[in-house]
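The data block below is query-v6.txt; it holds compact mmCIF, N, CA and C atoms.
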```txt
# COMPACT_ATOMS: atom_id res chain seq x y z
N GLU A 16 -10.62 6.87 -5.46
CA GLU A 16 -9.98 7.06 -6.73
C GLU A 16 -8.51 7.41 -6.58
N SER A 17 -8.18 8.19 -5.57
CA SER A 17 -6.78 8.57 -5.42
C SER A 17 -5.92 7.37 -5.01
N PHE A 18 -6.52 6.41 -4.29
CA PHE A 18 -5.78 5.20 -3.92
C PHE A 18 -5.31 4.46 -5.17
N PHE A 19 -6.21 4.29 -6.13
CA PHE A 19 -5.85 3.56 -7.34
C PHE A 19 -4.87 4.35 -8.20
N ALA A 20 -4.99 5.64 -8.21
CA ALA A 20 -4.02 6.46 -8.94
C ALA A 20 -2.63 6.31 -8.32
N THR A 21 -2.57 6.33 -7.00
CA THR A 21 -1.30 6.16 -6.31
C THR A 21 -0.73 4.78 -6.55
N LEU A 22 -1.58 3.76 -6.49
CA LEU A 22 -1.13 2.39 -6.73
C LEU A 22 -0.55 2.24 -8.13
N LYS A 23 -1.20 2.82 -9.10
CA LYS A 23 -0.69 2.75 -10.47
C LYS A 23 0.66 3.44 -10.60
N LYS A 24 0.78 4.62 -10.02
CA LYS A 24 2.02 5.38 -10.13
C LYS A 24 3.17 4.70 -9.39
N GLU A 25 2.89 4.19 -8.19
CA GLU A 25 3.95 3.63 -7.36
C GLU A 25 4.34 2.22 -7.75
N LYS A 26 3.42 1.44 -8.32
CA LYS A 26 3.74 0.04 -8.56
C LYS A 26 3.47 -0.42 -10.00
N LEU A 27 2.26 -0.27 -10.48
CA LEU A 27 1.91 -0.88 -11.76
C LEU A 27 2.69 -0.34 -12.93
N TYR A 28 2.93 0.94 -12.98
CA TYR A 28 3.64 1.51 -14.12
C TYR A 28 5.13 1.16 -14.11
N LYS A 29 5.61 0.63 -13.01
CA LYS A 29 7.03 0.29 -12.90
C LYS A 29 7.33 -1.16 -13.28
N ILE A 30 6.30 -1.98 -13.46
CA ILE A 30 6.52 -3.37 -13.85
C ILE A 30 5.91 -3.61 -15.24
N HIS A 31 6.44 -4.58 -15.94
CA HIS A 31 5.94 -4.93 -17.27
C HIS A 31 4.86 -5.99 -17.09
N THR A 32 3.62 -5.54 -17.01
CA THR A 32 2.51 -6.44 -16.71
C THR A 32 2.25 -7.47 -17.81
N GLU A 33 2.64 -7.17 -19.03
CA GLU A 33 2.39 -8.13 -20.12
C GLU A 33 3.28 -9.37 -20.01
N ARG A 34 4.32 -9.32 -19.23
CA ARG A 34 5.24 -10.45 -19.08
C ARG A 34 4.79 -11.45 -18.01
N TYR A 35 3.85 -11.05 -17.16
CA TYR A 35 3.44 -11.88 -16.03
C TYR A 35 2.01 -12.36 -16.18
N PRO A 36 1.71 -13.55 -15.64
CA PRO A 36 0.32 -13.99 -15.62
C PRO A 36 -0.48 -13.16 -14.61
N MET A 37 -1.79 -13.14 -14.75
CA MET A 37 -2.66 -12.33 -13.89
C MET A 37 -2.48 -12.68 -12.41
N ALA A 38 -2.28 -13.95 -12.09
CA ALA A 38 -2.10 -14.36 -10.70
C ALA A 38 -0.86 -13.71 -10.09
N SER A 39 0.20 -13.59 -10.86
CA SER A 39 1.42 -12.95 -10.37
C SER A 39 1.21 -11.46 -10.13
N ILE A 40 0.50 -10.82 -11.03
CA ILE A 40 0.22 -9.38 -10.87
C ILE A 40 -0.61 -9.15 -9.62
N LYS A 41 -1.62 -10.00 -9.41
CA LYS A 41 -2.45 -9.87 -8.21
C LYS A 41 -1.62 -10.06 -6.94
N SER A 42 -0.70 -11.00 -6.97
CA SER A 42 0.17 -11.25 -5.82
C SER A 42 1.09 -10.05 -5.56
N ILE A 43 1.64 -9.47 -6.61
CA ILE A 43 2.51 -8.30 -6.47
C ILE A 43 1.74 -7.13 -5.86
N ILE A 44 0.52 -6.90 -6.34
CA ILE A 44 -0.29 -5.80 -5.83
C ILE A 44 -0.68 -6.05 -4.38
N PHE A 45 -1.07 -7.28 -4.05
CA PHE A 45 -1.44 -7.61 -2.68
C PHE A 45 -0.28 -7.37 -1.72
N ARG A 46 0.91 -7.84 -2.11
CA ARG A 46 2.08 -7.63 -1.25
C ARG A 46 2.42 -6.15 -1.11
N HIS A 47 2.27 -5.40 -2.17
CA HIS A 47 2.55 -3.96 -2.10
C HIS A 47 1.60 -3.27 -1.11
N ILE A 48 0.34 -3.63 -1.17
CA ILE A 48 -0.64 -3.00 -0.28
C ILE A 48 -0.40 -3.42 1.16
N THR A 49 -0.21 -4.71 1.41
CA THR A 49 -0.07 -5.17 2.80
C THR A 49 1.26 -4.77 3.41
N VAL A 50 2.33 -4.77 2.64
CA VAL A 50 3.65 -4.46 3.20
C VAL A 50 3.94 -2.97 3.19
N TYR A 51 3.86 -2.36 2.04
CA TYR A 51 4.26 -0.96 1.95
C TYR A 51 3.13 0.00 2.29
N TYR A 52 2.01 -0.14 1.61
CA TYR A 52 0.97 0.88 1.72
C TYR A 52 0.38 0.96 3.12
N ASN A 53 0.16 -0.17 3.76
CA ASN A 53 -0.46 -0.17 5.09
C ASN A 53 0.53 -0.05 6.24
N ARG A 54 1.80 -0.33 6.02
CA ARG A 54 2.75 -0.34 7.14
C ARG A 54 3.83 0.72 7.09
N ARG A 55 4.16 1.23 5.93
CA ARG A 55 5.30 2.15 5.82
C ARG A 55 4.93 3.53 5.31
N ARG A 56 3.94 3.61 4.45
CA ARG A 56 3.61 4.88 3.81
C ARG A 56 3.09 5.88 4.83
N ILE A 57 3.50 7.12 4.71
CA ILE A 57 3.08 8.18 5.63
C ILE A 57 1.70 8.70 5.20
N TYR A 58 0.83 8.86 6.19
CA TYR A 58 -0.52 9.35 5.93
C TYR A 58 -0.70 10.70 6.61
N ILE A 59 -1.05 11.70 5.85
CA ILE A 59 -1.24 13.04 6.38
C ILE A 59 -2.52 13.11 7.21
N SER A 60 -3.54 12.33 6.85
CA SER A 60 -4.83 12.40 7.54
C SER A 60 -4.77 11.80 8.95
N ASN A 61 -3.85 10.88 9.21
CA ASN A 61 -3.71 10.32 10.55
C ASN A 61 -2.83 11.23 11.40
N PRO A 62 -3.16 11.39 12.68
CA PRO A 62 -2.31 12.23 13.55
C PRO A 62 -0.87 11.73 13.57
N GLY A 63 0.05 12.62 13.37
CA GLY A 63 1.47 12.27 13.36
C GLY A 63 1.93 11.67 12.05
N GLY A 64 1.04 11.54 11.07
CA GLY A 64 1.41 10.98 9.78
C GLY A 64 1.71 9.50 9.82
N ARG A 65 1.12 8.79 10.77
CA ARG A 65 1.40 7.36 10.94
C ARG A 65 0.64 6.52 9.92
N PRO A 66 1.24 5.41 9.48
CA PRO A 66 0.53 4.46 8.61
C PRO A 66 -0.66 3.85 9.35
N PRO A 67 -1.67 3.32 8.63
CA PRO A 67 -2.87 2.81 9.27
C PRO A 67 -2.63 1.72 10.31
N THR A 68 -1.75 0.76 10.05
CA THR A 68 -1.55 -0.32 11.01
C THR A 68 -0.93 0.19 12.30
N ILE A 69 0.03 1.08 12.21
CA ILE A 69 0.66 1.62 13.42
C ILE A 69 -0.32 2.51 14.17
N TYR A 70 -1.09 3.30 13.44
CA TYR A 70 -2.10 4.15 14.07
C TYR A 70 -3.12 3.31 14.83
N CYS A 71 -3.62 2.23 14.21
CA CYS A 71 -4.60 1.36 14.87
C CYS A 71 -4.01 0.67 16.08
N GLU A 72 -2.76 0.20 15.98
CA GLU A 72 -2.11 -0.46 17.12
C GLU A 72 -1.98 0.51 18.30
N ARG A 73 -1.60 1.73 18.04
CA ARG A 73 -1.45 2.71 19.13
C ARG A 73 -2.79 3.08 19.73
N MET A 74 -3.81 3.20 18.89
CA MET A 74 -5.14 3.53 19.41
C MET A 74 -5.67 2.39 20.27
N LEU A 75 -5.44 1.15 19.86
CA LEU A 75 -5.89 0.00 20.64
C LEU A 75 -5.12 -0.11 21.95
N SER A 76 -3.84 0.18 21.93
CA SER A 76 -3.05 0.08 23.16
C SER A 76 -3.43 1.18 24.14
N GLN A 77 -3.82 2.34 23.65
CA GLN A 77 -4.26 3.42 24.53
C GLN A 77 -5.63 3.13 25.14
N ALA A 78 -6.48 2.43 24.40
CA ALA A 78 -7.82 2.12 24.88
C ALA A 78 -7.80 1.04 25.94
N ALA A 79 -6.79 0.20 25.93
CA ALA A 79 -6.72 -0.92 26.88
C ALA A 79 -6.23 -0.51 28.24
```

In structure tokens, how does this file's structure come out?
Amino acid sequence: ESFFATLKKEKLYKIHTERYPMASIKSIIFRHITVYYNRRRIYISNPGGRPPTIYCERMLSQAA
């Protein structure tokens, strides 16, 4: 639930969704999640506050 609340606050409330077709809104949300949310956003639950993709890459490189 907190993910969707954050998504609404950070992205959806800042764009005028009534001006865009549904496909465009889906594309905007997808890009926001893949680019910003998974790669740049700081996560308190991960050690060092790393985003999920960086955390996974480091864990995989340490395991190899």

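Of note, atom CA of A:Phe19 and atom CA of A:Arg73 are spaced 26.8 Å apart.
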
Which parts of chain A does DSSP call helix (DSSP H, G or I) when run on the backbone here, written out as a VMD selection string? chain A and resid 17 to 25 27 to 29 32 to 34 37 to 52 62 to 64 67 to 78

Measure the distance from atom C of A:Ile43 to atom N of A:Lys26 in Å and round it to one decimal. 9.1 Å

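From atom CA of A:Met74 back to atom CA of A:Ala20, the distance works out to 28.5 Å.
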
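Minimum distance to A:Lys29 across A:Tyr70, A:Ile44, A:Ala78, A:Ser17 (counting only C-alpha atoms) occurs at A:Ile44.
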
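When all atoms listed in the file are used to compute distances to A:Ile69, the closest of the residues A:Lys24, A:Lys41, A:Arg54, A:His31 turns out to be A:Arg54.
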
Can you pull out every residue within 12 Å of A:His47, counting only C-alpha atoms, but drop anything in the same chain fewer than 5 positions away, and send it as a PDB file with N, CA and C atoms, keeping the file's coordinate frame?
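Contents of the output file part-v3.pdb:
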```
ATOM      1  N   THR A  21      -2.570   6.330  -7.000  1.00  0.00           N
ATOM      2  CA  THR A  21      -1.300   6.160  -6.310  1.00  0.00           C
ATOM      3  C   THR A  21      -0.730   4.780  -6.550  1.00  0.00           C
ATOM      4  N   LEU A  22      -1.580   3.760  -6.490  1.00  0.00           N
ATOM      5  CA  LEU A  22      -1.130   2.390  -6.730  1.00  0.00           C
ATOM      6  C   LEU A  22      -0.550   2.240  -8.130  1.00  0.00           C
ATOM      7  N   LYS A  23      -1.200   2.820  -9.100  1.00  0.00           N
ATOM      8  CA  LYS A  23      -0.690   2.750 -10.470  1.00  0.00           C
ATOM      9  C   LYS A  23       0.660   3.440 -10.600  1.00  0.00           C
ATOM     10  N   GLU A  25       2.890   4.190  -8.190  1.00  0.00           N
ATOM     11  CA  GLU A  25       3.950   3.630  -7.360  1.00  0.00           C
ATOM     12  C   GLU A  25       4.340   2.220  -7.750  1.00  0.00           C
ATOM     13  N   LYS A  26       3.420   1.440  -8.320  1.00  0.00           N
ATOM     14  CA  LYS A  26       3.740   0.040  -8.560  1.00  0.00           C
ATOM     15  C   LYS A  26       3.470  -0.420 -10.000  1.00  0.00           C
ATOM     16  N   LEU A  27       2.260  -0.270 -10.480  1.00  0.00           N
ATOM     17  CA  LEU A  27       1.910  -0.880 -11.760  1.00  0.00           C
ATOM     18  C   LEU A  27       2.690  -0.340 -12.930  1.00  0.00           C
ATOM     19  N   ILE A  40       0.500 -10.820 -11.030  1.00  0.00           N
ATOM     20  CA  ILE A  40       0.220  -9.380 -10.870  1.00  0.00           C
ATOM     21  C   ILE A  40      -0.610  -9.150  -9.620  1.00  0.00           C
ATOM     22  N   LYS A  41      -1.620 -10.000  -9.410  1.00  0.00           N
ATOM     23  CA  LYS A  41      -2.450  -9.870  -8.210  1.00  0.00           C
ATOM     24  C   LYS A  41      -1.620 -10.060  -6.940  1.00  0.00           C
ATOM     25  N   SER A  42      -0.700 -11.000  -6.970  1.00  0.00           N
ATOM     26  CA  SER A  42       0.170 -11.250  -5.820  1.00  0.00           C
ATOM     27  C   SER A  42       1.090 -10.050  -5.560  1.00  0.00           C
ATOM     28  N   TYR A  52       2.010  -0.140   1.610  1.00  0.00           N
ATOM     29  CA  TYR A  52       0.970   0.880   1.720  1.00  0.00           C
ATOM     30  C   TYR A  52       0.380   0.960   3.120  1.00  0.00           C
ATOM     31  N   ASN A  53       0.160  -0.170   3.760  1.00  0.00           N
ATOM     32  CA  ASN A  53      -0.460  -0.170   5.090  1.00  0.00           C
ATOM     33  C   ASN A  53       0.530  -0.050   6.240  1.00  0.00           C
ATOM     34  N   ARG A  54       1.800  -0.330   6.020  1.00  0.00           N
ATOM     35  CA  ARG A  54       2.750  -0.340   7.140  1.00  0.00           C
ATOM     36  C   ARG A  54       3.830   0.720   7.090  1.00  0.00           C
ATOM     37  N   ARG A  55       4.160   1.230   5.930  1.00  0.00           N
ATOM     38  CA  ARG A  55       5.300   2.150   5.820  1.00  0.00           C
ATOM     39  C   ARG A  55       4.930   3.530   5.310  1.00  0.00           C
ATOM     40  N   ARG A  56       3.940   3.610   4.450  1.00  0.00           N
ATOM     41  CA  ARG A  56       3.610   4.880   3.810  1.00  0.00           C
ATOM     42  C   ARG A  56       3.090   5.880   4.830  1.00  0.00           C
TER      43      ARG A  56
END
```
